[in-house]
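*Asks:* Next comes query_27.txt, compact mmCIF, N, CA and C atoms:
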```
# COMPACT_ATOMS: atom_id res chain seq x y z
N MET A 1 130.04 132.94 85.81
CA MET A 1 130.38 132.81 87.23
C MET A 1 129.48 131.74 87.87
N GLU A 2 130.09 130.85 88.61
CA GLU A 2 129.37 129.77 89.27
C GLU A 2 128.64 130.29 90.51
N LYS A 3 127.40 129.83 90.67
CA LYS A 3 126.63 130.24 91.84
C LYS A 3 127.18 129.59 93.09
N THR A 4 127.05 130.28 94.19
CA THR A 4 127.49 129.70 95.46
C THR A 4 126.46 128.68 95.92
N LYS A 5 126.86 127.83 96.81
CA LYS A 5 125.97 126.81 97.37
C LYS A 5 124.74 127.46 97.98
N LYS A 6 124.95 128.53 98.73
CA LYS A 6 123.83 129.22 99.39
C LYS A 6 122.84 129.76 98.37
N GLU A 7 123.34 130.38 97.33
CA GLU A 7 122.46 130.95 96.30
C GLU A 7 121.68 129.85 95.58
N GLU A 8 122.34 128.75 95.34
CA GLU A 8 121.69 127.62 94.65
C GLU A 8 120.58 127.03 95.51
N ILE A 9 120.85 126.81 96.78
CA ILE A 9 119.83 126.26 97.69
C ILE A 9 118.67 127.25 97.83
N GLU A 10 118.97 128.53 97.90
CA GLU A 10 117.90 129.54 97.98
C GLU A 10 117.01 129.49 96.74
N ARG A 11 117.62 129.32 95.57
CA ARG A 11 116.84 129.22 94.33
C ARG A 11 115.99 127.95 94.36
N TRP A 12 116.58 126.84 94.79
CA TRP A 12 115.82 125.60 94.90
C TRP A 12 114.66 125.76 95.86
N TYR A 13 114.91 126.46 96.97
CA TYR A 13 113.84 126.68 97.95
C TYR A 13 112.70 127.47 97.31
N ASP A 14 113.05 128.53 96.61
CA ASP A 14 112.02 129.34 95.94
C ASP A 14 111.25 128.53 94.91
N ASP A 15 111.94 127.68 94.17
CA ASP A 15 111.32 126.92 93.09
C ASP A 15 110.53 125.71 93.57
N HIS A 16 110.96 125.06 94.65
CA HIS A 16 110.41 123.75 95.00
C HIS A 16 109.80 123.61 96.39
N SER A 17 109.94 124.62 97.23
CA SER A 17 109.48 124.44 98.62
C SER A 17 107.97 124.22 98.72
N ASP A 18 107.18 124.88 97.88
CA ASP A 18 105.72 124.68 97.94
C ASP A 18 105.35 123.24 97.60
N ALA A 19 105.95 122.70 96.55
CA ALA A 19 105.65 121.32 96.15
C ALA A 19 106.09 120.33 97.22
N ILE A 20 107.24 120.59 97.80
CA ILE A 20 107.75 119.69 98.85
C ILE A 20 106.88 119.78 100.10
N LEU A 21 106.45 120.99 100.45
CA LEU A 21 105.55 121.16 101.60
C LEU A 21 104.26 120.38 101.37
N LYS A 22 103.68 120.48 100.21
CA LYS A 22 102.44 119.75 99.91
C LYS A 22 102.65 118.24 99.97
N PHE A 23 103.78 117.79 99.45
CA PHE A 23 104.10 116.36 99.49
C PHE A 23 104.20 115.86 100.94
N ILE A 24 104.93 116.60 101.75
CA ILE A 24 105.10 116.19 103.15
C ILE A 24 103.78 116.31 103.90
N LEU A 25 103.02 117.36 103.63
CA LEU A 25 101.72 117.56 104.30
C LEU A 25 100.78 116.40 103.99
N MET A 26 100.82 115.92 102.76
CA MET A 26 99.98 114.78 102.38
C MET A 26 100.33 113.55 103.24
N LEU A 27 101.58 113.44 103.63
CA LEU A 27 102.01 112.28 104.42
C LEU A 27 101.75 112.45 105.92
N VAL A 28 102.08 113.62 106.46
CA VAL A 28 102.00 113.78 107.92
C VAL A 28 100.67 114.37 108.39
N LYS A 29 99.94 115.04 107.50
CA LYS A 29 98.62 115.62 107.82
C LYS A 29 98.65 116.59 109.00
N ASP A 30 99.75 117.30 109.13
CA ASP A 30 99.91 118.31 110.17
C ASP A 30 100.74 119.44 109.55
N TYR A 31 100.10 120.61 109.37
CA TYR A 31 100.73 121.69 108.62
C TYR A 31 102.03 122.16 109.26
N GLN A 32 102.01 122.39 110.56
CA GLN A 32 103.22 122.87 111.23
C GLN A 32 104.35 121.85 111.15
N GLN A 33 104.02 120.59 111.32
CA GLN A 33 105.05 119.55 111.21
C GLN A 33 105.57 119.48 109.79
N ALA A 34 104.69 119.63 108.82
CA ALA A 34 105.11 119.61 107.41
C ALA A 34 106.05 120.79 107.12
N GLU A 35 105.75 121.94 107.69
CA GLU A 35 106.65 123.09 107.52
C GLU A 35 108.03 122.79 108.10
N ASP A 36 108.04 122.24 109.30
CA ASP A 36 109.32 121.90 109.95
C ASP A 36 110.11 120.90 109.12
N LEU A 37 109.43 119.88 108.61
CA LEU A 37 110.11 118.87 107.82
C LEU A 37 110.58 119.42 106.47
N THR A 38 109.84 120.37 105.93
CA THR A 38 110.27 121.02 104.69
C THR A 38 111.56 121.80 104.92
N HIS A 39 111.60 122.54 106.00
CA HIS A 39 112.82 123.28 106.32
C HIS A 39 113.99 122.33 106.59
N GLU A 40 113.69 121.24 107.28
CA GLU A 40 114.74 120.25 107.55
C GLU A 40 115.26 119.65 106.24
N THR A 41 114.37 119.46 105.28
CA THR A 41 114.76 118.96 103.96
C THR A 41 115.80 119.86 103.32
N PHE A 42 115.56 121.17 103.38
CA PHE A 42 116.49 122.10 102.73
C PHE A 42 117.79 122.26 103.53
N VAL A 43 117.71 122.11 104.83
CA VAL A 43 118.94 122.12 105.63
C VAL A 43 119.80 120.92 105.25
N LYS A 44 119.16 119.74 105.14
CA LYS A 44 119.92 118.54 104.76
C LYS A 44 120.47 118.68 103.34
N ALA A 45 119.70 119.30 102.46
CA ALA A 45 120.18 119.52 101.09
C ALA A 45 121.40 120.43 101.11
N TYR A 46 121.36 121.44 101.94
CA TYR A 46 122.50 122.36 102.05
C TYR A 46 123.74 121.61 102.57
N LEU A 47 123.53 120.81 103.60
CA LEU A 47 124.65 120.09 104.20
C LEU A 47 125.20 119.00 103.28
N SER A 48 124.34 118.46 102.42
CA SER A 48 124.75 117.38 101.52
C SER A 48 124.98 117.87 100.10
N TYR A 49 125.00 119.15 99.91
CA TYR A 49 125.09 119.75 98.57
C TYR A 49 126.25 119.17 97.76
N ASP A 50 127.38 118.98 98.38
CA ASP A 50 128.56 118.49 97.67
C ASP A 50 128.40 117.05 97.18
N SER A 51 127.46 116.30 97.77
CA SER A 51 127.26 114.92 97.34
C SER A 51 126.25 114.82 96.19
N PHE A 52 125.60 115.93 95.84
CA PHE A 52 124.65 115.92 94.72
C PHE A 52 125.43 115.80 93.42
N GLN A 53 125.26 114.66 92.75
CA GLN A 53 126.05 114.37 91.56
C GLN A 53 125.36 114.80 90.27
N GLN A 54 124.20 115.35 90.36
CA GLN A 54 123.42 115.84 89.23
C GLN A 54 123.09 114.74 88.22
N ASN A 55 122.94 113.50 88.73
CA ASN A 55 122.46 112.40 87.88
C ASN A 55 120.96 112.52 87.66
N SER A 56 120.31 113.29 88.51
CA SER A 56 118.88 113.57 88.39
C SER A 56 118.70 115.07 88.58
N SER A 57 117.47 115.51 88.43
CA SER A 57 117.20 116.94 88.63
C SER A 57 117.27 117.27 90.11
N GLU A 58 117.48 118.55 90.40
CA GLU A 58 117.51 118.94 91.82
C GLU A 58 116.16 118.67 92.47
N LYS A 59 115.07 118.76 91.71
CA LYS A 59 113.74 118.51 92.27
C LYS A 59 113.62 117.04 92.72
N THR A 60 114.09 116.14 91.89
CA THR A 60 114.06 114.71 92.24
C THR A 60 114.90 114.46 93.49
N TRP A 61 116.07 115.06 93.53
CA TRP A 61 116.96 114.90 94.68
C TRP A 61 116.32 115.45 95.95
N LEU A 62 115.70 116.63 95.85
CA LEU A 62 115.05 117.25 97.01
C LEU A 62 113.87 116.40 97.49
N PHE A 63 113.11 115.85 96.55
CA PHE A 63 111.98 115.01 96.95
C PHE A 63 112.46 113.73 97.64
N ARG A 64 113.58 113.20 97.23
CA ARG A 64 114.14 112.02 97.89
C ARG A 64 114.55 112.38 99.32
N ILE A 65 115.17 113.53 99.48
CA ILE A 65 115.54 113.98 100.83
C ILE A 65 114.28 114.19 101.66
N ALA A 66 113.26 114.83 101.08
CA ALA A 66 112.00 115.07 101.80
C ALA A 66 111.36 113.75 102.23
N HIS A 67 111.39 112.78 101.34
CA HIS A 67 110.84 111.46 101.66
C HIS A 67 111.59 110.84 102.83
N ASN A 68 112.92 110.87 102.78
CA ASN A 68 113.73 110.29 103.85
C ASN A 68 113.54 111.02 105.17
N VAL A 69 113.44 112.34 105.13
CA VAL A 69 113.22 113.13 106.34
C VAL A 69 111.86 112.76 106.96
N THR A 70 110.86 112.59 106.12
CA THR A 70 109.52 112.24 106.61
C THR A 70 109.50 110.83 107.19
N ILE A 71 110.16 109.90 106.53
CA ILE A 71 110.24 108.53 107.06
C ILE A 71 110.95 108.52 108.41
N ASP A 72 112.04 109.28 108.52
CA ASP A 72 112.74 109.38 109.80
C ASP A 72 111.83 109.94 110.88
N TYR A 73 111.02 110.94 110.53
CA TYR A 73 110.07 111.51 111.47
C TYR A 73 109.10 110.44 111.97
N PHE A 74 108.55 109.64 111.04
CA PHE A 74 107.62 108.59 111.44
C PHE A 74 108.30 107.52 112.30
N ARG A 75 109.53 107.20 111.99
CA ARG A 75 110.25 106.22 112.80
C ARG A 75 110.45 106.70 114.22
N LYS A 76 110.71 107.98 114.37
CA LYS A 76 110.90 108.54 115.71
C LYS A 76 109.57 108.58 116.47
N GLN A 77 108.47 108.76 115.75
CA GLN A 77 107.16 108.84 116.38
C GLN A 77 106.61 107.48 116.78
N LYS A 78 106.98 106.44 116.05
CA LYS A 78 106.40 105.12 116.28
C LYS A 78 106.57 104.61 117.70
N PRO A 79 107.76 104.64 118.30
CA PRO A 79 107.88 104.15 119.68
C PRO A 79 107.00 104.93 120.65
N LEU A 80 106.90 106.23 120.45
CA LEU A 80 106.04 107.03 121.33
C LEU A 80 104.58 106.66 121.15
N SER A 81 104.19 106.44 119.91
CA SER A 81 102.81 106.07 119.62
C SER A 81 102.48 104.70 120.22
N LEU A 82 103.40 103.75 120.07
CA LEU A 82 103.17 102.42 120.64
C LEU A 82 103.08 102.47 122.15
N LEU A 83 103.94 103.27 122.78
CA LEU A 83 103.91 103.42 124.23
C LEU A 83 102.60 104.05 124.68
N LYS A 84 102.17 105.09 123.97
CA LYS A 84 100.92 105.76 124.32
C LYS A 84 99.75 104.79 124.18
N ASP A 85 99.70 104.02 123.08
CA ASP A 85 98.63 103.05 122.88
C ASP A 85 98.65 101.99 123.98
N PHE A 86 99.83 101.56 124.39
CA PHE A 86 99.95 100.56 125.44
C PHE A 86 99.42 101.10 126.77
N ILE A 87 99.82 102.31 127.10
CA ILE A 87 99.39 102.91 128.36
C ILE A 87 97.89 103.14 128.38
N LEU A 88 97.35 103.62 127.26
CA LEU A 88 95.92 103.89 127.21
C LEU A 88 95.10 102.60 127.18
N SER A 89 95.66 101.53 126.66
CA SER A 89 94.91 100.28 126.60
C SER A 89 94.91 99.53 127.93
N LYS A 90 95.86 99.85 128.78
CA LYS A 90 95.94 99.21 130.09
C LYS A 90 94.86 99.79 131.00
N THR A 91 93.98 98.92 131.49
CA THR A 91 93.00 99.36 132.47
C THR A 91 93.28 98.62 133.76
N ASP A 92 93.22 99.35 134.80
CA ASP A 92 93.48 98.78 136.12
C ASP A 92 92.14 98.36 136.73
N ASN A 93 91.94 97.05 136.85
CA ASN A 93 90.69 96.53 137.37
C ASN A 93 90.73 96.25 138.87
N THR A 94 91.85 96.54 139.51
CA THR A 94 91.92 96.31 140.95
C THR A 94 91.03 97.33 141.66
N PRO A 95 90.34 96.89 142.67
CA PRO A 95 89.45 97.81 143.38
C PRO A 95 90.25 98.90 144.12
N LEU A 96 89.63 100.04 144.21
CA LEU A 96 90.22 101.14 144.97
C LEU A 96 90.13 100.81 146.46
N PRO A 97 90.96 101.46 147.28
CA PRO A 97 90.93 101.16 148.72
C PRO A 97 89.52 101.31 149.33
N GLN A 98 88.81 102.35 148.92
CA GLN A 98 87.46 102.54 149.46
C GLN A 98 86.54 101.39 149.05
N GLU A 99 86.70 100.94 147.81
CA GLU A 99 85.87 99.81 147.34
C GLU A 99 86.22 98.51 148.08
N MET A 100 87.48 98.34 148.45
CA MET A 100 87.87 97.15 149.22
C MET A 100 87.26 97.18 150.61
N ILE A 101 87.25 98.33 151.22
CA ILE A 101 86.64 98.45 152.55
C ILE A 101 85.16 98.14 152.48
N GLU A 102 84.48 98.70 151.48
CA GLU A 102 83.05 98.47 151.33
C GLU A 102 82.75 97.00 151.06
N LEU A 103 83.62 96.36 150.29
CA LEU A 103 83.44 94.94 149.99
C LEU A 103 83.60 94.10 151.24
N LYS A 104 84.59 94.42 152.09
CA LYS A 104 84.82 93.68 153.33
C LYS A 104 83.65 93.90 154.30
N GLU A 105 83.09 95.07 154.29
CA GLU A 105 81.98 95.36 155.20
C GLU A 105 80.73 94.60 154.81
N THR A 106 80.57 94.33 153.52
CA THR A 106 79.37 93.61 153.08
C THR A 106 79.50 92.11 153.25
N LEU A 107 80.71 91.60 153.49
CA LEU A 107 80.88 90.15 153.67
C LEU A 107 80.67 89.73 155.05
```
Using structure tokens, write down the structure that the file contains.
*Replies:*
Amino acid sequence: MEKTKKEEIERWYDDHSDAILKFILMLVKDYQQAEDLTHETFVKAYLSYDSFQQNSSEKTWLFRIAHNVTIDYFRKQKPLSLLKDFILSKTDNTPLPQEMIELKETL
């Protein structure tokens, strides 16, 4: 009897989720984010199960999905990181209103 898609993904999760979590954690260095990305990996594997052609092992396929999910995560973070760096690097050197008054009084 052929296993159902759900049973197969559950078995893959049991067999490979720890290794995939460690792989993603090594990249993102945030345990909770790595957990989220690991779960997202298996959701994508479930949704793409029919496209798995078994040219490689399920572990190889899952690691490719995990890699792509992690890269997508970094791509989404990059614009926010650049914006944050830009905002933090901007310093406003214009005098405050009180400093302008004091400057005018001393002239």
*Asks:* Running DSSP on the backbone, which parts of chain A land in alpha helix (DSSP H), as a PyMOL selection string?
*Replies:* chain A and resi 5-28+31-47+58-89+97-106
*Asks:* Quick one: 5 Å padding each side, axis-aligned, all listed atoms of segment 57-63 of chain A - centre and edge lengths in Å to one decimal, as JSON?
*Replies:*
```
{"center_x": 114.7, "center_y": 116.3, "center_z": 93.0, "size_x": 15.5, "size_y": 15.2, "size_z": 19.2}
```
*Asks:* Would you mind reading off the distance between atom N of Glu7 of chain A and atom CA of Asp50 of chain A, one decimal, in Å?
*Replies:* 13.0 Å
*Asks:* Between A:Ser81, A:Tyr31, A:Tyr49, A:Ile24, which one has atoms that come closest to His67 of chain A, using all atoms listed in the file?
*Replies:*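 Among the listed residues, the smallest separation from His67 of chain A belongs to A:Ile24.
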*Asks:* Would you work out the distance separating atom CA of Phe63 of chain A from atom CA of Leu80 of chain A, expressed in Å to one decimal?
*Replies:*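 Separation between atom CA of Phe63 of chain A and atom CA of Leu80 of chain A: 26.3 Å.
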